[in-house]
$ cat work.cif   # mmCIF, C-alpha atoms and all ligand atoms
data_structure
#
loop_
_atom_site.label_atom_id
_atom_site.label_comp_id
_atom_site.auth_asym_id
_atom_site.auth_seq_id
_atom_site.Cartn_x
_atom_site.Cartn_y
_atom_site.Cartn_z
CA MET U 1 -28.28 69.34 74.90
CA ARG U 2 -27.31 65.71 75.32
CA PRO U 3 -24.32 64.91 77.54
CA ASP U 4 -22.25 63.63 74.60
CA ALA U 5 -22.75 66.75 72.50
CA GLY U 6 -19.86 68.89 71.38
CA LEU U 7 -16.75 68.29 69.34
CA MET U 8 -14.51 65.44 70.37
CA PRO U 9 -10.93 65.03 69.23
CA ALA U 10 -10.67 62.17 66.73
CA ALA U 11 -7.94 59.92 65.41
CA ALA U 12 -7.80 61.36 61.93
CA ASN U 13 -6.55 64.93 61.69
CA ARG U 14 -9.37 66.42 59.70
CA VAL U 15 -12.15 64.37 61.30
CA ALA U 16 -14.21 65.61 64.24
CA VAL U 17 -16.88 63.47 65.85
CA ARG U 18 -19.93 65.12 67.42
CA ALA U 19 -23.42 64.18 68.58
CA ALA U 20 -25.87 63.92 65.69
CA ARG U 21 -28.74 66.40 65.47
CA SER U 22 -31.99 66.21 63.55
CA GLY U 23 -30.39 68.40 60.86
CA ASP U 24 -27.95 65.53 60.11
CA LEU U 25 -30.78 63.16 59.23
CA THR U 26 -30.62 63.58 55.46
CA ALA U 27 -26.83 63.18 55.37
CA ILE U 28 -26.97 60.07 57.59
CA GLU U 29 -29.75 58.59 55.47
CA ALA U 30 -27.61 59.13 52.34
CA ILE U 31 -24.58 57.46 53.98
CA GLU U 32 -26.81 54.59 55.08
CA SER U 33 -28.20 54.03 51.58
CA ARG U 34 -24.75 54.22 49.95
CA SER U 35 -23.31 51.79 52.52
CA PHE U 36 -25.85 48.97 52.87
CA SER U 37 -27.79 47.06 50.24
CA ALA U 38 -29.92 45.19 52.79
CA ASP U 39 -31.20 45.75 56.35
CA ARG U 40 -31.03 49.53 55.95
CA PHE U 41 -32.42 51.83 58.63
CA SER U 42 -35.42 53.85 57.53
CA ARG U 43 -35.49 57.62 58.04
CA THR U 44 -38.05 57.04 60.83
CA THR U 45 -35.72 54.63 62.62
CA LEU U 46 -32.77 57.01 62.27
CA LYS U 47 -34.91 59.91 63.55
CA ARG U 48 -35.96 57.87 66.57
CA LEU U 49 -32.36 56.88 67.31
CA ILE U 50 -31.20 60.53 67.18
CA ALA U 51 -34.04 61.78 69.36
CA GLY U 52 -34.16 58.89 71.83
CA ARG U 53 -32.48 58.67 75.20
CA THR U 54 -31.55 55.00 74.87
CA ALA U 55 -29.26 55.67 71.91
CA SER U 56 -26.32 57.93 71.13
CA VAL U 57 -25.80 58.79 67.49
CA VAL U 58 -22.57 60.47 66.45
CA VAL U 59 -21.43 61.88 63.13
CA ALA U 60 -17.91 62.25 61.84
CA VAL U 61 -17.46 65.55 60.06
CA ALA U 62 -14.67 65.98 57.55
CA SER U 63 -14.28 69.10 55.40
CA ALA U 64 -17.62 70.42 56.75
CA ALA U 65 -19.58 67.41 55.48
CA ALA U 66 -20.89 64.37 57.37
CA ALA U 67 -18.56 61.54 56.36
CA GLY U 68 -19.88 58.78 58.58
CA TYR U 69 -22.05 57.98 61.54
CA ALA U 70 -22.38 55.49 64.36
CA ALA U 71 -25.27 54.56 66.66
CA ILE U 72 -24.74 53.13 70.13
CA LEU U 73 -27.60 51.58 72.10
CA PHE U 74 -27.98 51.41 75.87
CA ARG U 75 -30.37 49.37 77.99
CA LYS U 76 -31.56 50.47 81.40
CA GLY U 77 -29.88 48.45 84.12
CA SER U 78 -27.33 46.94 81.73
CA THR U 79 -23.61 47.74 81.56
CA VAL U 80 -23.39 46.29 78.06
CA ALA U 81 -23.62 48.90 75.30
CA ARG U 82 -24.22 47.90 71.69
CA LEU U 83 -22.59 49.40 68.63
CA TYR U 84 -25.76 49.15 66.59
CA SER U 85 -24.60 50.68 63.33
CA ILE U 86 -21.54 52.26 61.76
CA ALA U 87 -21.11 53.44 58.19
CA VAL U 88 -18.77 55.73 56.30
CA ASP U 89 -19.55 57.41 53.01
CA PRO U 90 -17.76 55.49 50.22
CA ALA U 91 -15.94 58.70 49.19
CA ALA U 92 -14.43 59.07 52.68
CA ARG U 93 -13.33 55.49 53.36
CA GLY U 94 -9.80 54.37 54.13
CA GLN U 95 -8.96 57.58 56.00
CA GLY U 96 -9.61 56.54 59.57
CA VAL U 97 -13.17 57.88 59.81
CA ALA U 98 -14.60 54.60 61.16
CA THR U 99 -11.67 54.26 63.57
CA ALA U 100 -12.48 57.74 64.92
CA LEU U 101 -16.18 56.84 65.23
CA ILE U 102 -15.33 53.67 67.18
CA LYS U 103 -13.09 55.65 69.55
CA ALA U 104 -15.93 58.10 70.14
CA ALA U 105 -18.39 55.22 70.69
CA ILE U 106 -16.04 53.73 73.30
CA ARG U 107 -15.72 57.09 75.06
CA ILE U 108 -19.49 57.63 75.11
CA ALA U 109 -20.21 54.09 76.32
CA ARG U 110 -17.70 54.49 79.17
CA ARG U 111 -19.20 57.84 80.10
CA ARG U 112 -22.65 56.23 80.32
CA GLY U 113 -21.34 53.57 82.67
CA ALA U 114 -20.94 50.65 80.28
CA ASP U 115 -18.12 48.17 80.83
CA ARG U 116 -18.52 46.32 77.52
CA LEU U 117 -19.34 47.31 73.96
CA ARG U 118 -20.79 44.60 71.74
CA LEU U 119 -21.72 44.37 68.08
CA GLU U 120 -22.75 42.02 65.30
CA VAL U 121 -21.09 42.01 61.90
CA ARG U 122 -21.72 39.99 58.74
CA ALA U 123 -19.37 37.02 58.59
CA SER U 124 -18.32 38.07 55.05
CA ASN U 125 -17.45 41.68 56.02
CA ALA U 126 -13.68 41.20 56.15
CA LEU U 127 -12.93 44.92 56.15
CA ALA U 128 -15.16 45.61 59.14
CA LEU U 129 -13.84 42.51 60.96
CA SER U 130 -10.24 43.69 60.62
CA LEU U 131 -11.23 47.22 61.66
CA TYR U 132 -12.87 45.85 64.84
CA ASP U 133 -9.90 43.59 65.51
CA ARG U 134 -7.56 46.60 65.36
CA SER U 135 -9.94 48.50 67.64
CA GLY U 136 -9.64 45.84 70.34
CA PHE U 137 -12.80 43.78 69.80
CA THR U 138 -12.63 40.05 70.45
CA PHE U 139 -14.75 37.10 69.30
CA LEU U 140 -17.87 36.34 71.34
CA GLY U 141 -19.74 33.95 69.10
CA ARG U 142 -21.43 33.27 65.79
CA SER U 143 -25.19 33.63 65.17
CA PRO U 144 -26.28 31.45 62.23
CA GLY U 145 -28.78 33.09 59.85
CA TYR U 146 -28.87 36.31 61.86
CA TYR U 147 -29.42 38.58 58.85
CA GLN U 148 -32.57 38.78 56.71
CA ASP U 149 -30.79 37.16 53.75
CA GLY U 150 -29.66 34.24 55.93
CA GLU U 151 -26.03 35.30 56.44
CA ASP U 152 -24.38 34.51 59.78
CA ALA U 153 -23.36 37.25 62.19
CA ILE U 154 -20.11 37.31 64.11
CA ARG U 155 -20.60 38.74 67.59
CA LEU U 156 -17.74 40.76 68.99
CA GLU U 157 -17.03 42.46 72.29
CA ARG U 158 -14.72 45.23 73.46
CA ARG U 159 -14.05 45.53 77.19
CA LEU U 160 -14.09 49.18 78.18
C1 LIG P 1 -16.41 49.21 57.36
C2 LIG P 1 -16.33 50.76 57.23
C3 LIG P 1 -17.23 51.37 58.30
C4 LIG P 1 -14.87 51.20 57.42
O1 LIG P 1 -14.82 52.64 57.35
P1 LIG P 1 -13.43 53.43 57.07
O2 LIG P 1 -13.63 54.84 57.50
O3 LIG P 1 -13.01 53.20 55.69
O4 LIG P 1 -12.45 52.69 58.07
P2 LIG P 1 -10.99 53.18 58.48
O5 LIG P 1 -10.44 54.09 57.44
O6 LIG P 1 -11.05 53.69 59.89
O7 LIG P 1 -10.25 51.80 58.48
C5 LIG P 1 -10.26 51.01 57.31
C6 LIG P 1 -8.95 50.31 57.12
O8 LIG P 1 -8.87 49.80 55.78
C7 LIG P 1 -7.85 50.46 55.05
N1 LIG P 1 -8.24 50.79 53.67
C8 LIG P 1 -7.42 50.91 52.64
N2 LIG P 1 -8.07 51.21 51.53
C9 LIG P 1 -9.34 51.30 51.85
C10 LIG P 1 -10.52 51.63 51.12
N3 LIG P 1 -10.51 51.89 49.80
N4 LIG P 1 -11.69 51.65 51.76
C11 LIG P 1 -11.72 51.39 53.06
N5 LIG P 1 -10.64 51.09 53.80
C12 LIG P 1 -9.47 51.04 53.21
C13 LIG P 1 -7.61 51.71 55.83
O9 LIG P 1 -6.33 52.18 55.57
C14 LIG P 1 -7.78 51.22 57.24
O10 LIG P 1 -6.71 50.45 57.66
P3 LIG P 1 -5.59 51.06 58.63
O11 LIG P 1 -6.28 51.54 59.85
O12 LIG P 1 -4.68 49.89 58.88
O13 LIG P 1 -4.95 52.15 57.85
C15 LIG P 1 -16.78 51.22 55.82
O14 LIG P 1 -16.08 50.48 54.87
C16 LIG P 1 -18.28 51.10 55.58
O15 LIG P 1 -19.06 52.00 55.87
N6 LIG P 1 -18.70 49.95 55.01
C17 LIG P 1 -20.12 49.70 54.72
C18 LIG P 1 -20.92 49.58 55.99
C19 LIG P 1 -20.37 48.51 56.91
O16 LIG P 1 -19.94 47.45 56.47
N7 LIG P 1 -20.41 48.79 58.22
C20 LIG P 1 -19.99 47.87 59.24
C21 LIG P 1 -21.17 47.05 59.59
S1 LIG P 1 -20.87 46.09 61.05
#

$ encode --input "work.cif" --output "structure tokens" --more "lines below"
Ligand SMILES: CC(C)(COP(=O)(O)OP(=O)(O)OC[C@H]1O[C@@H](n2cnc3c(N)ncnc32)[C@H](O)[C@@H]1OP(=O)(O)O)[C@@H](O)C(=O)NCCC(=O)NCCS
Amino acid sequence: MRPDAGLMPAAANRVAVRAARSGDLTAIEAIESRSFSADRFSRTTLKRLIAGRTASVVVAVASAAAAGYAAILFRKGSTVARLYSIAVDPAARGQGVATALIKAAIRIARRRGADRLRLEVRASNALALSLYDRSGFTFLGRSPGYYQDGEDAIRLERRL
């Protein structure tokens, strides 16, 4: 069992965040396809992330169903962790699920020795930007044309 397995208390009352298992793959894939129109992770990529040692994937479970997921990447010899992906099922949004996933990501990154958590977000994703702002992320920079469709990324960092 991976060190971050097991239920973790979350911000929202009915939401628990736990390590993802291979049995969550179909639910995560569905959340991914309902959440992103471009740059989606394939099932193979998600499978690799769940099984790999350089990533931690967590799922938020609400009312017995997977409501959202997050993937955190680690690099050997680096104390910078990367919040690689986060998505919440459209039916479960606005209830603090993403906030709970971010808290879990911070806890896991700290536990694995990271002192910073970084991410990229589309410049137009106002909802995600305000969520990260409330979760303590600050502006690091802007990467022009970062996404496949040419949109800029905003790079953010949270000190842990
Ligand atoms: C961005 C995203 C992860 C947020 O997930 P979420 O679980 O809805 O986020 P939270 O509920 O924790 O926080 C959202 C905030 O917006 C508010 N909100 C109000 N109505 C909302 C609605 N219909 N949908 C979403 N958020 C809403 C929430 O109340 C909350 O604010 P608060 O903390 O001040 O109350 C989700 O919208 C998503 O999966 N989007 C598509 C994928 C994406 O953009 N991922 C980020 C890529 S970097």

$ residues_near_ligand --input "work.cif" --ligand "ligand LIG 1 (chain P)" --cutoff "7 Å" --atoms "all atoms listed in the file" --output "MDAnalysis selection string"
chainID U and resid 35:36 85:90 92:100 120:122 125 127:128 131

$ atom_distance --input "work.cif" --atom1 "atom CA of Arg111 of chain U" --atom2 "atom CA of Ser22 of chain U"
22.5 Å

$ atom_distance --input "work.cif" --atom1 "atom CA of Ala67 of chain U" --atom2 "atom CA of Ala20 of chain U"
12.1 Å

$ closest_residue --input "work.cif" --among "U:Ala19, U:Ala38, U:Ala27, U:Ala114" --to "Leu160 of chain U" --atoms "all atoms listed in the file"
U:Ala114

$ closest_residue --input "work.cif" --among "U:Ile154, U:Ala81, U:Leu101, U:Ala109" --to "Val59 of chain U" --atoms "only C-alpha atoms"
U:Leu101

$ atom_distance --input "work.cif" --atom1 "atom CA of Tyr132 of chain U" --atom2 "atom CA of Leu49 of chain U"
22.5 Å

$ residues_near_point --input "work.cif" --point "(-12.8, 43.2, 72.7)" --cutoff "7 Å" --atoms "only C-alpha atoms" --output "list in words"
Gly136, Phe137, Thr138, Leu156, Glu157, Arg158 and Arg159 of chain U

$ closest_residue --input "work.cif" --among "U:Lys103, U:Arg43, U:Arg118, U:Arg18" --to "Ala30 of chain U" --atoms "all atoms listed in the file"
U:Arg43

$ closest_atom_pairs --input "work.cif" --of "segment 11-86 of chain U" --to "segment 147-153 of chain U" --cutoff "12 Å" --atoms "all atoms listed in the file" --output "tab-separated table"
residue	atom	partner	partner_atom	distance
U:Ser37	CA	U:Asp149	CA	10.9
U:Ala38	CA	U:Gln148	CA	8.0
U:Asp39	CA	U:Gln148	CA	7.1
U:Arg40	CA	U:Gln148	CA	10.9

$ residues_around --input "work.cif" --residues "Ile50 of chain U" --least-positions-apart "2" --cutoff "7 Å" --atoms "only C-alpha atoms" --output "list in words"
Ala20, Arg21, Ser22, Leu46, Lys47, Arg48, Gly52, Ser56 and Val57 of chain U

$ build_atoms --input "work.cif" --residues "segment 61-88 of chain U" --atoms "N, CA and C atoms" --output "PDB file, in the frame of the given file"
ATOM      1  N   VAL U  61     -17.404  64.457  61.026  1.00  0.00           N
ATOM      2  CA  VAL U  61     -17.460  65.550  60.060  1.00  0.00           C
ATOM      3  C   VAL U  61     -16.059  65.789  59.517  1.00  0.00           C
ATOM      4  N   ALA U  62     -15.950  65.714  58.203  1.00  0.00           N
ATOM      5  CA  ALA U  62     -14.670  65.980  57.550  1.00  0.00           C
ATOM      6  C   ALA U  62     -14.924  66.987  56.443  1.00  0.00           C
ATOM      7  N   SER U  63     -14.105  68.025  56.382  1.00  0.00           N
ATOM      8  CA  SER U  63     -14.280  69.100  55.400  1.00  0.00           C
ATOM      9  C   SER U  63     -15.721  69.611  55.385  1.00  0.00           C
ATOM     10  N   ALA U  64     -16.269  69.845  56.547  1.00  0.00           N
ATOM     11  CA  ALA U  64     -17.620  70.420  56.750  1.00  0.00           C
ATOM     12  C   ALA U  64     -18.769  69.504  56.351  1.00  0.00           C
ATOM     13  N   ALA U  65     -18.485  68.305  55.875  1.00  0.00           N
ATOM     14  CA  ALA U  65     -19.580  67.410  55.480  1.00  0.00           C
ATOM     15  C   ALA U  65     -19.590  66.175  56.376  1.00  0.00           C
ATOM     16  N   ALA U  66     -20.784  65.603  56.583  1.00  0.00           N
ATOM     17  CA  ALA U  66     -20.890  64.370  57.370  1.00  0.00           C
ATOM     18  C   ALA U  66     -20.300  63.228  56.556  1.00  0.00           C
ATOM     19  N   ALA U  67     -19.258  62.601  57.098  1.00  0.00           N
ATOM     20  CA  ALA U  67     -18.560  61.540  56.360  1.00  0.00           C
ATOM     21  C   ALA U  67     -18.947  60.159  56.856  1.00  0.00           C
ATOM     22  N   GLY U  68     -19.513  60.082  58.043  1.00  0.00           N
ATOM     23  CA  GLY U  68     -19.880  58.780  58.580  1.00  0.00           C
ATOM     24  C   GLY U  68     -20.686  58.962  59.843  1.00  0.00           C
ATOM     25  N   TYR U  69     -21.290  57.884  60.299  1.00  0.00           N
ATOM     26  CA  TYR U  69     -22.050  57.980  61.540  1.00  0.00           C
ATOM     27  C   TYR U  69     -21.993  56.647  62.280  1.00  0.00           C
ATOM     28  N   ALA U  70     -22.286  56.710  63.561  1.00  0.00           N
ATOM     29  CA  ALA U  70     -22.380  55.490  64.360  1.00  0.00           C
ATOM     30  C   ALA U  70     -23.523  55.656  65.360  1.00  0.00           C
ATOM     31  N   ALA U  71     -24.195  54.558  65.666  1.00  0.00           N
ATOM     32  CA  ALA U  71     -25.270  54.560  66.660  1.00  0.00           C
ATOM     33  C   ALA U  71     -24.935  53.551  67.743  1.00  0.00           C
ATOM     34  N   ILE U  72     -25.022  53.991  68.984  1.00  0.00           N
ATOM     35  CA  ILE U  72     -24.740  53.130  70.130  1.00  0.00           C
ATOM     36  C   ILE U  72     -26.017  53.021  70.952  1.00  0.00           C
ATOM     37  N   LEU U  73     -26.375  51.800  71.320  1.00  0.00           N
ATOM     38  CA  LEU U  73     -27.600  51.580  72.100  1.00  0.00           C
ATOM     39  C   LEU U  73     -27.265  51.233  73.540  1.00  0.00           C
ATOM     40  N   PHE U  74     -28.130  51.697  74.444  1.00  0.00           N
ATOM     41  CA  PHE U  74     -27.980  51.410  75.870  1.00  0.00           C
ATOM     42  C   PHE U  74     -29.281  50.825  76.387  1.00  0.00           C
ATOM     43  N   ARG U  75     -29.164  49.923  77.351  1.00  0.00           N
ATOM     44  CA  ARG U  75     -30.370  49.370  77.990  1.00  0.00           C
ATOM     45  C   ARG U  75     -30.324  49.687  79.472  1.00  0.00           C
ATOM     46  N   LYS U  76     -31.475  50.123  79.982  1.00  0.00           N
ATOM     47  CA  LYS U  76     -31.560  50.470  81.400  1.00  0.00           C
ATOM     48  C   LYS U  76     -31.133  49.278  82.247  1.00  0.00           C
ATOM     49  N   GLY U  77     -30.279  49.514  83.215  1.00  0.00           N
ATOM     50  CA  GLY U  77     -29.880  48.450  84.120  1.00  0.00           C
ATOM     51  C   GLY U  77     -28.814  47.527  83.553  1.00  0.00           C
ATOM     52  N   SER U  78     -28.350  47.804  82.328  1.00  0.00           N
ATOM     53  CA  SER U  78     -27.330  46.940  81.730  1.00  0.00           C
ATOM     54  C   SER U  78     -26.029  47.731  81.544  1.00  0.00           C
ATOM     55  N   THR U  79     -24.896  47.074  81.786  1.00  0.00           N
ATOM     56  CA  THR U  79     -23.610  47.740  81.560  1.00  0.00           C
ATOM     57  C   THR U  79     -23.013  47.326  80.221  1.00  0.00           C
ATOM     58  N   VAL U  80     -23.844  46.674  79.408  1.00  0.00           N
ATOM     59  CA  VAL U  80     -23.390  46.290  78.060  1.00  0.00           C
ATOM     60  C   VAL U  80     -24.003  47.265  77.051  1.00  0.00           C
ATOM     61  N   ALA U  81     -23.145  48.010  76.360  1.00  0.00           N
ATOM     62  CA  ALA U  81     -23.620  48.900  75.300  1.00  0.00           C
ATOM     63  C   ALA U  81     -23.472  48.162  73.965  1.00  0.00           C
ATOM     64  N   ARG U  82     -24.235  48.603  72.975  1.00  0.00           N
ATOM     65  CA  ARG U  82     -24.220  47.900  71.690  1.00  0.00           C
ATOM     66  C   ARG U  82     -23.908  48.891  70.563  1.00  0.00           C
ATOM     67  N   LEU U  83     -22.877  48.599  69.820  1.00  0.00           N
ATOM     68  CA  LEU U  83     -22.590  49.400  68.630  1.00  0.00           C
ATOM     69  C   LEU U  83     -23.530  48.895  67.538  1.00  0.00           C
ATOM     70  N   TYR U  84     -24.614  49.623  67.369  1.00  0.00           N
ATOM     71  CA  TYR U  84     -25.760  49.150  66.590  1.00  0.00           C
ATOM     72  C   TYR U  84     -25.536  49.341  65.100  1.00  0.00           C
ATOM     73  N   SER U  85     -24.844  50.416  64.749  1.00  0.00           N
ATOM     74  CA  SER U  85     -24.600  50.680  63.330  1.00  0.00           C
ATOM     75  C   SER U  85     -23.397  51.584  63.177  1.00  0.00           C
ATOM     76  N   ILE U  86     -22.638  51.356  62.111  1.00  0.00           N
ATOM     77  CA  ILE U  86     -21.540  52.260  61.760  1.00  0.00           C
ATOM     78  C   ILE U  86     -21.383  52.215  60.253  1.00  0.00           C
ATOM     79  N   ALA U  87     -21.278  53.378  59.648  1.00  0.00           N
ATOM     80  CA  ALA U  87     -21.110  53.440  58.190  1.00  0.00           C
ATOM     81  C   ALA U  87     -20.372  54.715  57.818  1.00  0.00           C
ATOM     82  N   VAL U  88     -19.545  54.589  56.799  1.00  0.00           N
ATOM     83  CA  VAL U  88     -18.770  55.730  56.300  1.00  0.00           C
ATOM     84  C   VAL U  88     -19.085  55.902  54.826  1.00  0.00           C
TER      85      VAL U  88
END
